[in-house]
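What's in start.csv: CSV, C-alpha atoms and all ligand atoms
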chain,number,residue,atom,x,y,z
A,1,MET,CA,4.5,-29.2,-9.7
A,2,LYS,CA,0.7,-28.5,-9.8
A,3,ILE,CA,-1.6,-26.2,-7.9
A,4,THR,CA,-4.1,-28.3,-5.9
A,5,ARG,CA,-6.1,-25.9,-3.7
A,6,LEU,CA,-6.6,-22.2,-2.8
A,7,HIS,CA,-7.7,-21.4,0.7
A,8,THR,CA,-8.8,-17.9,1.7
A,9,TYR,CA,-8.8,-16.6,5.3
A,10,ARG,CA,-10.5,-13.3,6.1
A,11,VAL,CA,-9.0,-12.1,9.4
A,12,ALA,CA,-9.0,-9.1,11.7
A,13,PRO,CA,-8.4,-6.2,11.4
A,14,ARG,CA,-9.5,-6.1,7.7
A,15,TRP,CA,-7.2,-8.4,5.8
A,16,MET,CA,-7.4,-11.6,3.9
A,17,PHE,CA,-4.8,-14.2,3.5
A,18,LEU,CA,-4.6,-16.7,0.6
A,19,LYS,CA,-2.8,-20.1,0.9
A,20,VAL,CA,-2.1,-21.8,-2.4
A,21,GLU,CA,-1.2,-25.5,-2.0
A,22,THR,CA,0.6,-27.7,-4.5
A,23,ASP,CA,1.0,-31.5,-5.1
A,24,GLU,CA,4.6,-31.2,-3.9
A,25,GLY,CA,3.9,-30.0,-0.4
A,26,ILE,CA,5.1,-26.5,-1.1
A,27,SER,CA,2.5,-23.8,-0.3
A,28,GLY,CA,2.6,-20.1,-1.0
A,29,TRP,CA,0.9,-17.2,0.8
A,30,GLY,CA,-0.7,-14.1,-0.6
A,31,GLU,CA,-2.8,-11.2,0.7
A,32,PRO,CA,-5.6,-10.4,-1.9
A,33,VAL,CA,-7.8,-7.8,-0.4
A,34,ILE,CA,-9.6,-4.5,-0.9
A,35,GLU,CA,-10.1,-2.9,2.5
A,36,GLY,CA,-13.8,-3.0,3.0
A,37,ARG,CA,-14.6,-5.5,0.3
A,38,ALA,CA,-12.8,-8.6,1.4
A,39,ARG,CA,-15.7,-10.9,0.6
A,40,THR,CA,-15.9,-9.6,-2.9
A,41,VAL,CA,-12.2,-10.1,-3.6
A,42,GLU,CA,-12.6,-13.6,-2.0
A,43,ALA,CA,-15.2,-14.5,-4.5
A,44,ALA,CA,-13.0,-13.3,-7.3
A,45,VAL,CA,-10.1,-15.4,-6.0
A,46,HIS,CA,-12.2,-18.5,-6.0
A,47,GLU,CA,-13.4,-17.8,-9.5
A,48,PHE,CA,-9.8,-17.5,-10.7
A,49,ALA,CA,-9.1,-20.7,-8.9
A,50,GLU,CA,-11.2,-22.6,-11.4
A,51,ALA,CA,-8.5,-22.1,-14.0
A,52,LEU,CA,-5.5,-22.3,-11.7
A,53,VAL,CA,-6.0,-25.7,-10.1
A,54,GLY,CA,-3.8,-28.2,-12.1
A,55,ARG,CA,-1.5,-25.5,-13.5
A,56,ASP,CA,2.2,-25.3,-12.6
A,57,PRO,CA,2.5,-22.4,-10.1
A,58,ARG,CA,6.0,-21.6,-11.4
A,59,ASP,CA,4.5,-20.4,-14.7
A,60,ILE,CA,3.9,-17.0,-13.1
A,61,ASN,CA,4.0,-14.8,-16.2
A,62,ASP,CA,1.6,-17.0,-18.2
A,63,LEU,CA,-0.7,-17.4,-15.2
A,64,TRP,CA,-0.7,-13.6,-14.6
A,65,GLN,CA,-1.4,-12.8,-18.3
A,66,THR,CA,-4.1,-15.5,-18.4
A,67,MET,CA,-5.8,-14.2,-15.3
A,68,TYR,CA,-5.7,-10.7,-16.6
A,69,ARG,CA,-6.5,-11.2,-20.3
A,70,SER,CA,-8.9,-14.1,-20.1
A,71,ASN,CA,-11.5,-11.6,-18.6
A,72,PHE,CA,-13.1,-9.5,-21.3
A,73,TYR,CA,-14.0,-7.1,-18.6
A,74,ARG,CA,-10.7,-6.6,-16.7
A,75,GLY,CA,-8.7,-4.4,-14.3
A,76,GLY,CA,-10.2,-2.5,-11.5
A,77,ALA,CA,-9.8,-2.8,-7.7
A,78,ILE,CA,-11.5,-6.2,-7.2
A,79,LEU,CA,-10.0,-8.3,-10.0
A,80,MET,CA,-6.5,-6.7,-9.7
A,81,SER,CA,-6.5,-7.3,-6.0
A,82,ALA,CA,-7.4,-10.9,-6.5
A,83,ILE,CA,-4.7,-11.3,-9.1
A,84,ALA,CA,-2.3,-9.5,-6.8
A,85,GLY,CA,-2.7,-12.0,-3.9
A,86,ILE,CA,-2.6,-15.0,-6.2
A,87,ASP,CA,0.6,-13.6,-7.8
A,88,GLN,CA,2.2,-13.1,-4.4
A,89,ALA,CA,1.5,-16.7,-3.5
A,90,LEU,CA,2.9,-17.9,-6.8
A,91,TRP,CA,6.2,-16.0,-6.3
A,92,ASP,CA,6.3,-17.4,-2.7
A,93,ILE,CA,6.0,-20.9,-4.1
A,94,LYS,CA,8.6,-20.4,-6.8
A,95,GLY,CA,11.1,-18.9,-4.3
A,96,LYS,CA,10.5,-21.8,-1.9
A,97,ALA,CA,10.9,-24.4,-4.6
A,98,LEU,CA,14.2,-22.8,-5.7
A,99,GLY,CA,15.4,-22.0,-2.1
A,100,VAL,CA,15.8,-18.3,-2.7
A,101,PRO,CA,14.0,-15.1,-1.7
A,102,VAL,CA,12.0,-13.5,-4.5
A,103,TYR,CA,14.4,-10.5,-4.7
A,104,GLN,CA,17.0,-13.0,-6.0
A,105,LEU,CA,14.6,-14.1,-8.8
A,106,LEU,CA,14.2,-10.4,-9.7
A,107,GLY,CA,17.9,-9.9,-10.1
A,108,GLY,CA,19.2,-9.3,-6.6
A,109,LYS,CA,19.4,-6.4,-4.2
A,110,VAL,CA,20.2,-2.8,-5.2
A,111,ARG,CA,20.3,-1.7,-1.5
A,112,ASP,CA,21.1,-3.0,1.9
A,113,ARG,CA,18.1,-1.6,3.8
A,114,MET,CA,14.8,0.0,3.0
A,115,LYS,CA,13.5,3.3,4.6
A,116,VAL,CA,10.1,2.8,6.2
A,117,TYR,CA,7.6,5.3,7.7
A,118,SER,CA,4.9,5.2,10.2
A,119,TRP,CA,1.4,6.7,10.3
A,120,VAL,CA,0.5,9.2,13.0
A,121,GLY,CA,-2.7,11.0,14.0
A,122,GLY,CA,-5.5,8.8,12.8
A,123,ASP,CA,-8.4,9.7,10.6
A,124,ARG,CA,-8.8,13.1,12.2
A,125,PRO,CA,-5.2,14.2,12.8
A,126,ALA,CA,-4.7,14.7,16.6
A,127,ASP,CA,-1.9,14.4,19.1
A,128,ILE,CA,0.5,14.3,16.2
A,129,VAL,CA,3.6,15.7,17.9
A,130,GLU,CA,3.3,13.5,20.9
A,131,HIS,CA,2.7,10.5,18.6
A,132,MET,CA,5.8,11.3,16.5
A,133,GLN,CA,7.9,11.8,19.6
A,134,ARG,CA,6.9,8.3,20.9
A,135,LEU,CA,7.8,6.8,17.5
A,136,MET,CA,11.1,8.7,17.3
A,137,GLU,CA,12.2,6.8,20.4
A,138,GLY,CA,11.8,3.6,18.3
A,139,GLY,CA,14.0,5.1,15.5
A,140,PHE,CA,11.4,6.5,13.2
A,141,ASP,CA,12.1,9.9,11.7
A,142,THR,CA,9.6,9.7,8.7
A,143,PHE,CA,5.9,9.8,9.1
A,144,LYS,CA,2.6,10.2,7.3
A,145,LEU,CA,-0.6,11.8,8.5
A,146,ASN,CA,-3.9,12.8,7.0
A,147,GLY,CA,-3.7,16.4,5.7
A,148,THR,CA,-7.3,17.3,6.4
A,149,GLU,CA,-10.6,16.1,7.8
A,150,GLU,CA,-13.7,16.5,5.7
A,151,MET,CA,-13.3,19.3,3.1
A,152,THR,CA,-16.0,20.6,0.8
A,153,MET,CA,-15.3,21.6,-2.8
A,154,LEU,CA,-15.2,25.2,-1.7
A,155,ASP,CA,-14.4,25.2,2.0
A,156,SER,CA,-13.7,28.2,4.2
A,157,PRO,CA,-10.4,29.8,4.8
A,158,ARG,CA,-11.0,28.7,8.4
A,159,ALA,CA,-11.0,25.0,7.3
A,160,VAL,CA,-7.7,25.6,5.4
A,161,ASP,CA,-6.2,27.4,8.4
A,162,ALA,CA,-7.2,24.5,10.7
A,163,ALA,CA,-5.5,21.9,8.5
A,164,VAL,CA,-2.4,24.0,8.1
A,165,ALA,CA,-2.2,24.8,11.8
A,166,LYS,CA,-1.8,21.0,12.6
A,167,VAL,CA,1.2,20.9,10.2
A,168,ALA,CA,2.6,24.1,11.5
A,169,ALA,CA,2.5,22.7,15.1
A,170,VAL,CA,4.6,19.7,13.9
A,171,HIS,CA,7.1,22.0,12.1
A,172,GLU,CA,7.3,24.3,15.2
A,173,ALA,CA,7.9,21.4,17.6
A,174,LEU,CA,10.1,19.1,15.6
A,175,GLY,CA,11.4,21.1,12.7
A,176,SER,CA,13.9,19.3,10.6
A,177,GLN,CA,14.2,16.4,13.1
A,178,VAL,CA,11.3,14.7,11.2
A,179,SER,CA,10.0,14.3,7.6
A,180,PHE,CA,6.4,13.8,7.0
A,181,GLY,CA,4.1,13.1,4.1
A,182,LEU,CA,0.5,14.5,4.1
A,183,ASP,CA,-2.2,12.3,2.8
A,184,PHE,CA,-5.1,14.3,1.4
A,185,HIS,CA,-6.7,10.9,1.0
A,186,GLY,CA,-8.8,12.1,-1.9
A,187,ARG,CA,-10.8,14.3,0.5
A,188,VAL,CA,-9.8,17.5,-1.2
A,189,ALA,CA,-11.2,18.8,-4.5
A,190,ALA,CA,-8.9,20.5,-7.0
A,191,PRO,CA,-9.7,24.1,-6.1
A,192,MET,CA,-9.0,23.5,-2.4
A,193,ALA,CA,-5.9,21.3,-3.2
A,194,LYS,CA,-4.3,24.3,-4.9
A,195,ARG,CA,-5.0,26.6,-2.0
A,196,LEU,CA,-3.8,24.0,0.6
A,197,LEU,CA,-0.6,23.2,-1.2
A,198,LYS,CA,0.3,26.9,-1.3
A,199,GLU,CA,-0.4,27.4,2.4
A,200,LEU,CA,1.6,24.2,3.3
A,201,GLU,CA,4.7,25.2,1.3
A,202,PRO,CA,6.5,26.9,4.2
A,203,TYR,CA,6.3,23.6,6.3
A,204,LYS,CA,8.1,21.5,3.6
A,205,PRO,CA,6.1,18.3,3.7
A,206,LEU,CA,8.0,15.4,2.2
A,207,PHE,CA,5.1,14.8,-0.2
A,208,VAL,CA,1.4,15.3,-0.5
A,209,GLU,CA,-0.4,12.1,-1.3
A,210,GLU,CA,-3.6,11.8,-3.3
A,211,PRO,CA,-3.9,15.6,-3.6
A,212,VAL,CA,-7.1,14.9,-5.5
A,213,LEU,CA,-9.0,11.6,-6.2
A,214,ALA,CA,-7.4,9.2,-8.7
A,215,GLU,CA,-10.3,9.8,-11.0
A,216,GLN,CA,-9.3,13.5,-11.1
A,217,ALA,CA,-5.7,12.6,-12.3
A,218,GLU,CA,-5.8,15.3,-15.0
A,219,HIS,CA,-5.3,17.8,-12.2
A,220,TYR,CA,-2.0,16.4,-11.2
A,221,PRO,CA,0.1,18.3,-13.7
A,222,ARG,CA,-1.7,21.6,-12.9
A,223,LEU,CA,-1.3,21.2,-9.2
A,224,ALA,CA,2.4,20.2,-9.6
A,225,ALA,CA,3.0,23.3,-11.6
A,226,ALA,CA,1.7,25.4,-8.7
A,227,THR,CA,3.8,23.9,-5.9
A,228,SER,CA,7.3,22.7,-5.1
A,229,ILE,CA,5.8,19.9,-2.8
A,230,PRO,CA,6.3,16.5,-4.5
A,231,LEU,CA,2.9,14.9,-5.3
A,232,ALA,CA,2.3,11.2,-4.7
A,233,ALA,CA,-0.4,8.9,-5.8
A,234,GLY,CA,-1.1,5.3,-6.7
A,235,GLU,CA,-3.0,3.3,-4.1
A,236,ARG,CA,-6.2,3.6,-6.1
A,237,MET,CA,-4.7,2.7,-9.5
A,238,TYR,CA,-4.6,-0.9,-10.4
A,239,SER,CA,-2.3,-1.7,-13.4
A,240,ARG,CA,0.5,-0.4,-15.7
A,241,PHE,CA,-2.2,0.8,-18.0
A,242,GLU,CA,-3.4,3.3,-15.5
A,243,PHE,CA,0.0,4.3,-14.3
A,244,LYS,CA,1.3,4.9,-17.8
A,245,ARG,CA,-1.2,7.8,-18.3
A,246,VAL,CA,-0.1,9.4,-15.0
A,247,LEU,CA,3.5,9.1,-16.0
A,248,GLN,CA,2.9,10.4,-19.5
A,249,GLU,CA,0.8,13.4,-18.2
A,250,GLY,CA,3.4,14.2,-15.5
A,251,GLY,CA,2.7,15.9,-12.1
A,252,ILE,CA,3.3,12.8,-9.9
A,253,SER,CA,6.8,12.6,-8.4
A,254,ILE,CA,6.2,9.5,-6.3
A,255,LEU,CA,4.2,6.4,-7.5
A,256,GLN,CA,2.5,4.4,-4.7
A,257,PRO,CA,1.0,1.3,-6.1
A,258,ASP,CA,-0.3,-1.2,-3.5
A,259,LEU,CA,1.1,-4.7,-4.1
A,260,SER,CA,-2.2,-6.2,-2.9
A,261,HIS,CA,-4.3,-4.0,-5.3
A,262,ALA,CA,-2.2,-3.4,-8.4
A,263,GLY,CA,-1.6,-7.0,-9.7
A,264,GLY,CA,1.0,-8.1,-7.2
A,265,ILE,CA,4.8,-8.5,-7.6
A,266,THR,CA,4.7,-9.2,-11.3
A,267,GLU,CA,2.9,-6.0,-12.1
A,268,CYS,CA,4.4,-3.6,-9.5
A,269,HIS,CA,7.9,-4.7,-10.4
A,270,LYS,CA,7.1,-3.4,-13.9
A,271,ILE,CA,5.4,-0.3,-12.6
A,272,ALA,CA,8.6,0.5,-10.7
A,273,ALA,CA,10.7,0.2,-13.9
A,274,MET,CA,8.2,2.4,-15.8
A,275,ALA,CA,8.4,5.1,-13.0
A,276,GLU,CA,12.2,5.0,-13.1
A,277,ALA,CA,12.2,5.7,-16.8
A,278,TYR,CA,10.2,9.0,-16.0
A,279,ASP,CA,12.5,9.9,-13.1
A,280,VAL,CA,9.6,9.1,-10.7
A,281,ALA,CA,10.2,7.5,-7.3
A,282,PHE,CA,8.5,4.3,-6.1
A,283,ALA,CA,7.0,4.1,-2.7
A,284,PRO,CA,4.5,1.2,-2.3
A,285,HIS,CA,1.3,1.8,-0.4
A,286,CYS,CA,0.9,-0.8,2.3
A,287,PRO,CA,-1.6,-0.2,5.2
A,288,LEU,CA,-2.2,-4.0,5.2
A,289,GLY,CA,-0.7,-7.2,6.7
A,290,PRO,CA,2.6,-9.0,6.7
A,291,VAL,CA,2.3,-10.9,3.4
A,292,ALA,CA,1.5,-7.6,1.6
A,293,LEU,CA,4.5,-6.0,3.3
A,294,ALA,CA,6.8,-8.9,2.5
A,295,ALA,CA,5.8,-8.6,-1.1
A,296,CYS,CA,6.5,-4.9,-1.1
A,297,LEU,CA,10.0,-5.4,0.4
A,298,GLN,CA,10.8,-8.0,-2.2
A,299,VAL,CA,10.2,-5.4,-4.9
A,300,ASP,CA,11.7,-2.5,-3.0
A,301,PHE,CA,15.1,-4.3,-2.7
A,302,THR,CA,15.3,-4.7,-6.5
A,303,ALA,CA,13.9,-1.2,-7.6
A,304,TRP,CA,16.6,1.5,-7.7
A,305,ASN,CA,13.9,4.2,-7.4
A,306,ALA,CA,12.3,2.7,-4.3
A,307,VAL,CA,12.5,5.5,-1.7
A,308,LEU,CA,10.0,4.8,1.1
A,309,GLN,CA,7.9,1.8,2.3
A,310,GLU,CA,4.6,2.2,4.2
A,311,GLN,CA,4.0,-0.4,6.9
A,312,SER,CA,1.0,-0.7,9.1
A,313,MET,CA,2.4,-1.2,12.6
A,314,GLY,CA,0.5,1.2,14.8
A,315,ILE,CA,-1.8,2.4,12.0
A,316,HIS,CA,-5.2,3.6,13.2
A,317,TYR,CA,-7.0,0.9,11.2
A,318,ASN,CA,-5.4,-2.0,13.0
A,319,ARG,CA,-8.0,-2.6,15.7
A,320,ASP,CA,-8.2,-6.2,17.2
A,321,ALA,CA,-5.0,-7.3,15.4
A,322,GLU,CA,-1.6,-6.0,14.4
A,323,LEU,CA,0.9,-6.7,11.7
A,324,LEU,CA,3.1,-9.1,13.7
A,325,ASP,CA,0.2,-11.1,15.1
A,326,TYR,CA,0.2,-13.5,12.2
A,327,VAL,CA,4.0,-13.8,11.8
A,328,VAL,CA,6.0,-16.7,13.4
A,329,ASN,CA,9.3,-14.7,13.6
A,330,LYS,CA,8.5,-11.2,14.9
A,331,ASP,CA,12.0,-10.2,14.0
A,332,ASP,CA,11.3,-10.5,10.3
A,333,PHE,CA,10.1,-6.9,10.2
A,334,ARG,CA,12.5,-5.4,12.8
A,335,ILE,CA,13.0,-1.7,12.3
A,336,GLU,CA,16.5,-0.3,12.9
A,337,GLY,CA,16.9,3.4,12.7
A,338,GLY,CA,13.9,3.7,10.5
A,339,TYR,CA,14.9,1.0,8.1
A,340,MET,CA,14.0,-2.6,7.4
A,341,ARG,CA,16.3,-5.3,6.1
A,342,ALA,CA,15.6,-7.6,3.2
A,343,LEU,CA,13.8,-10.8,4.1
A,344,PRO,CA,16.3,-13.6,3.6
A,345,LEU,CA,14.1,-16.7,3.7
A,346,PRO,CA,13.0,-18.3,0.5
A,347,GLY,CA,9.9,-17.0,-1.3
A,348,LEU,CA,8.4,-13.9,0.2
A,349,GLY,CA,10.6,-14.4,3.2
A,350,VAL,CA,8.0,-14.4,6.0
A,351,GLU,CA,6.6,-17.4,7.8
A,352,ILE,CA,2.9,-17.1,8.5
A,353,ASP,CA,1.5,-18.5,11.7
A,354,GLU,CA,-1.2,-20.7,10.0
A,355,GLU,CA,-2.8,-21.8,13.2
A,356,ARG,CA,-3.3,-18.2,14.3
A,357,VAL,CA,-4.7,-17.4,10.8
A,358,VAL,CA,-7.1,-20.3,10.8
A,359,HIS,CA,-8.3,-19.4,14.3
A,360,ALA,CA,-8.7,-15.7,13.5
A,361,SER,CA,-10.7,-16.6,10.3
A,362,ARG,CA,-13.4,-18.1,12.4
A,363,ASN,CA,-14.7,-14.7,13.5
A,364,ALA,CA,-13.4,-12.2,11.0
A,365,PRO,CA,-15.0,-8.7,11.1
A,366,ASP,CA,-16.6,-7.3,8.0
A,367,TRP,CA,-14.7,-4.0,8.1
A,368,ARG,CA,-16.2,-1.1,6.2
A,369,ASN,CA,-14.7,2.3,5.8
A,370,PRO,CA,-16.5,5.1,7.5
A,371,VAL,CA,-19.1,7.1,5.5
A,372,TRP,CA,-18.6,10.8,6.3
A,373,ARG,CA,-21.0,13.6,5.7
A,374,HIS,CA,-20.6,17.3,5.3
A,375,LEU,CA,-22.5,19.8,7.5
A,376,ASP,CA,-25.1,20.1,4.8
A,377,GLY,CA,-25.7,16.3,4.9
A,378,SER,CA,-24.1,15.5,1.6
A,379,VAL,CA,-21.7,12.6,1.6
A,380,ALA,CA,-18.0,13.6,2.1
A,381,GLU,CA,-14.9,11.8,0.8
A,382,TRP,CA,-13.4,9.9,3.7
A,401,LIG,O1,-2.3,4.1,3.9
A,401,LIG,C1,-2.8,5.0,3.2
A,401,LIG,O2,-2.1,5.8,2.5
A,401,LIG,C2,-4.2,5.2,3.1
A,401,LIG,O3,-4.7,6.1,2.4
A,401,LIG,C3,-5.1,4.4,3.9
A,401,LIG,C4,-6.2,3.9,3.0
A,401,LIG,O4,-5.5,3.3,1.9
A,401,LIG,C5,-7.1,2.8,3.7
A,401,LIG,O5,-6.3,1.6,3.8
A,401,LIG,C6,-8.3,2.6,3.0
A,401,LIG,O6,-9.2,1.7,3.7
A,402,MG,MG,-3.2,7.1,1.2
As structure tokens, the full file:
Amino acid sequence: MKITRLHTYRVAPRWMFLKVETDEGISGWGEPVIEGRARTVEAAVHEFAEALVGRDPRDINDLWQTMYRSNFYRGGAILMSAIAGIDQALWDIKGKALGVPVYQLLGGKVRDRMKVYSWVGGDRPADIVEHMQRLMEGGFDTFKLNGTEEMTMLDSPRAVDAAVAKVAAVHEALGSQVSFGLDFHGRVAAPMAKRLLKELEPYKPLFVEEPVLAEQAEHYPRLAAATSIPLAAGERMYSRFEFKRVLQEGGISILQPDLSHAGGITECHKIAAMAEAYDVAFAPHCPLGPVALAACLQVDFTAWNAVLQEQSMGIHYNRDAELLDYVVNKDDFRIEGGYMRALPLPGLGVEIDEERVVHASRNAPDWRNPVWRHLDGSVAEW
């Protein structure tokens, strides 16, 4: 079997799909994208394509190592996202060629269903309790929300109180009916993170995500020593070689690699195993589309330490298109009691509506993340 062509399709809301075609009529889908830099990742995918066309797509390990190591300058968000989407498509092809879902190729399932959570509250957390109550009717009991809005490096007790008050309102209204993670989203500097974590302790958040920016990872152990709240991170780390340092230094209890940013199934399956060796949980980041989610689930069902899966249905980023819009069988991602089942079809297990993808790619938006500013006019972490 040989790879013949790679097609990329940028689509709303801010995703990109990759279709890898072969000379045997089997095609595989991937989702290589960095939110806000889709065109840059697209260029990287097509540069990788130069060395992929003509190769056997089933040689996944050699293709992964070659894509990674053939670049003197390697790693990082763009190249690892391009490799991630290509890797997903290669696994999709291999599973389809063998007639089995990817989780079978990774050794089979360790669980019957996978716990998922939903975002609430948007960029500036609001109407959180009502939003959670609506989603609880659909079976969700686990959520994630942004922990703060803009926060300066030395913000006022008033700003801390405002952030904590939103969480206190959830705790007062819903108590132990729900679990929720708080995403600090890298908006908080270390001094403020320490104060916020202390003030949030009484409300027992399930975890605090990106308590500081990934480039401030040396603070994770110090922050963890000051709180009982499990700390989570990973969406802005892109390979085993970054995650190994976080595991060695400690402080992070939940690793959240993104299967469309951290090298794909091949890499994240290894990251999950590394995390397990350090007694660290695995909870893939996935605010993206159906191919990314399918790839996550394939790994989730084979990783004993997989605890939670993010999915983007209803997320505040999904303007103009939703997760199921590009999926033929909407039932693929059915949520029952807050859980998803394994995808039984061969490959990644999801059938992409190619006609819908091609149509949507004709007027794809160039999504950019907001640029926030503090009151003094300086740029704020979004
Ligand atoms: O889902 C999450 O945990 C996020 O932090 C959202 C962020 O990753 C945006 O997708 C960036 O554009
Ligand atoms: Mg996040």
Item checked: Which of A:Gly377, A:Pro365, A:Gly234, A:Gly175 sits closest to ligand LIG 401 (chain A) [using only C-alpha atoms and all ligand atoms] ->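 Ranked by minimum distance to ligand LIG 401 (chain A), first place goes to A:Gly234.
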Item checked: ligand MG 402 (chain A) neighbours within 8 Å using all atoms listed in the file, as a PyMOL selection string -> chain A and resi 183-185+209-210+233+235+285
File dump, residues just selected, C-alpha atoms, as a compact mmCIF listing (two decimals), in the coordinates of the input:
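selection-v7.txt written:
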# COMPACT_ATOMS: atom_id res chain seq x y z
CA ASP A 183 -2.20 12.30 2.80
CA PHE A 184 -5.10 14.30 1.40
CA HIS A 185 -6.70 10.90 1.00
CA GLU A 209 -0.40 12.10 -1.30
CA GLU A 210 -3.60 11.80 -3.30
CA ALA A 233 -0.40 8.90 -5.80
CA GLU A 235 -3.00 3.30 -4.10
CA HIS A 285 1.30 1.80 -0.40
Next item on the list: Can you pull out every residue within 7 Å of Ile3 in chain A, counting all atoms listed in the file, but drop anything in the same chain fewer than 3 positions away, and send it as a PyMOL selection string?
Entry: chain A and resi 21-23+52-57
Check: Out of A:Leu375, A:Ala165, A:Ala12, A:Cys286, which residue has the shortest atom-to-atom distance to ligand LIG 401 (chain A) when counting only C-alpha atoms and all ligand atoms?
Finding: A:Cys286
Margin query: Ranking A:Gly263, A:Pro230, A:Gly314, A:Gly349 by minimum distance to ligand LIG 401 (chain A) and counting only C-alpha atoms and all ligand atoms, which one comes first?
Written below: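 Looking only at the distances to ligand LIG 401 (chain A), the closest residue turns out to be A:Gly314.
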Next item on the list: Could you please extract the residues within 9 Å of ligand LIG 401 (chain A), counting all atoms listed in the file, and hand them back as a ChimeraX atom specification?
Entry: /A:14,34-36,119,144-146,183-186,209-210,235-236,256,258,285-288,310-312,315,317,368-370,382
Note to self: Let me make sure I understand: among A:Asp366, A:Glu218, A:Glu242, A:Asp300, which one has the smallest atom-to-atom distance to Gly76 in chain A if we use only C-alpha atoms?
What the structure shows: A:Glu242
Notebook entry, point to check: From the set A:Ile271, A:Met151, A:Ala281, A:Ala262, which residue has the shortest atom-to-atom contact distance to Tyr68 in chain A, counting all atoms listed in the file?
Noted result: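 Residue with the minimum atom-to-atom distance to Tyr68 in chain A: A:Ala262.
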Which neighbours of Ala97 in chain A fall inside 9 Å, counting only C-alpha atoms, when residues of the same chain fewer than 5 positions from it are skipped, and could you give them as a short mmCIF file (atom, residue, chain, number, x, y, z; two decimals) with C-alpha atoms, in the coordinates of the input?
data_model
loop_
_atom_site.label_atom_id
_atom_site.label_comp_id
_atom_site.auth_asym_id
_atom_site.auth_seq_id
_atom_site.Cartn_x
_atom_site.Cartn_y
_atom_site.Cartn_z
CA ILE A 26 5.10 -26.50 -1.10
CA ARG A 58 6.00 -21.60 -11.40
CA ASP A 92 6.30 -17.40 -2.70
CA PRO A 346 13.00 -18.30 0.50
CA GLY A 347 9.90 -17.00 -1.30
#
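The closest residue to Pro191 in chain A, picked from A:Ile60, A:Leu174, A:Ala364, A:Leu223 and counting only C-alpha atoms, is A:Leu223.
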Next item on the list: Might you pull out every residue within 8 Å of Asp320 in chain A, with all atoms listed in the file counted and same-chain residues fewer than 2 positions away left off, and present them as a PyMOL selection string?
Entry: chain A and resi 12-13+318+322
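Counting only C-alpha atoms, Asn363 in chain A has the following residues at most 10 Å away, ignoring those fewer than 5 positions along the same chain: Arg10, Val11, Ala12 and Val358 of chain A.
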Please write the residues from the selection above to a file, keeping C-alpha atoms, as a tab-separated table (two decimals), in the frame of the given file.
chain	number	residue	atom	x	y	z
A	10	ARG	CA	-10.50	-13.30	6.10
A	11	VAL	CA	-9.00	-12.10	9.40
A	12	ALA	CA	-9.00	-9.10	11.70
A	358	VAL	CA	-7.10	-20.30	10.80
Note to self: Taking 2 positions as the minimum chain separation for residues in the same chain, which residues sit within 12 Å of Trp64 in chain A when counting only C-alpha atoms? Answer as a ChimeraX atom specification.
What the structure shows: /A:48,51-52,55,57-62,66-71,79-80,82-91,263-267
Note to self: Could you tell me how far CA of Met16 in chain A sits from CA of Ala38 in chain A, in Å to one decimal place?
What the structure shows: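 These two atoms are separated by 6.7 Å.
The gap separating CA of Gly121 in chain A from CA of Glu149 in chain A is 11.3 Å, in Å to one decimal.
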Check: What is the CA of Val110 in chain A-CA of Thr302 in chain A distance in Å, reported with one decimal?
Finding: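 CA of Thr302 in chain A lies at a distance of 5.4 Å from CA of Val110 in chain A.
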Next item on the list: Could you give me, as a PyMOL selection string, the residues that sit within 12 Å of (10.5, 8.3, 11.3) in the file's coordinates, counting all atoms listed in the file?
Entry: chain A and resi 115-120+131-145+174+176-181+206+308-311+335-339
Reconstructed N, CA and C atoms for range 215-223 of chain A, given as a PDB file, keeping the file's coordinate frame:
ATOM      1  N   GLU A 215      -9.506   9.566  -9.814  1.00  0.00           N
ATOM      2  CA  GLU A 215     -10.300   9.800 -11.000  1.00  0.00           C
ATOM      3  C   GLU A 215     -10.225  11.262 -11.485  1.00  0.00           C
ATOM      4  N   GLN A 216      -9.486  12.085 -10.742  1.00  0.00           N
ATOM      5  CA  GLN A 216      -9.300  13.500 -11.100  1.00  0.00           C
ATOM      6  C   GLN A 216      -7.799  13.680 -11.546  1.00  0.00           C
ATOM      7  N   ALA A 217      -7.173  12.607 -12.029  1.00  0.00           N
ATOM      8  CA  ALA A 217      -5.700  12.600 -12.300  1.00  0.00           C
ATOM      9  C   ALA A 217      -5.298  13.717 -13.244  1.00  0.00           C
ATOM     10  N   GLU A 218      -6.218  14.213 -14.057  1.00  0.00           N
ATOM     11  CA  GLU A 218      -5.800  15.300 -15.000  1.00  0.00           C
ATOM     12  C   GLU A 218      -5.405  16.552 -14.286  1.00  0.00           C
ATOM     13  N   HIS A 219      -5.740  16.638 -12.990  1.00  0.00           N
ATOM     14  CA  HIS A 219      -5.300  17.800 -12.200  1.00  0.00           C
ATOM     15  C   HIS A 219      -3.879  17.718 -11.730  1.00  0.00           C
ATOM     16  N   TYR A 220      -3.307  16.511 -11.744  1.00  0.00           N
ATOM     17  CA  TYR A 220      -2.000  16.400 -11.200  1.00  0.00           C
ATOM     18  C   TYR A 220      -0.953  17.338 -11.800  1.00  0.00           C
ATOM     19  N   PRO A 221      -0.862  17.403 -13.142  1.00  0.00           N
ATOM     20  CA  PRO A 221       0.100  18.300 -13.700  1.00  0.00           C
ATOM     21  C   PRO A 221      -0.100  19.772 -13.329  1.00  0.00           C
ATOM     22  N   ARG A 222      -1.392  20.156 -13.268  1.00  0.00           N
ATOM     23  CA  ARG A 222      -1.700  21.600 -12.900  1.00  0.00           C
ATOM     24  C   ARG A 222      -1.306  21.865 -11.504  1.00  0.00           C
ATOM     25  N   LEU A 223      -1.606  20.933 -10.614  1.00  0.00           N
ATOM     26  CA  LEU A 223      -1.300  21.200  -9.200  1.00  0.00           C
ATOM     27  C   LEU A 223       0.247  21.156  -9.016  1.00  0.00           C
TER      28      LEU A 223
END
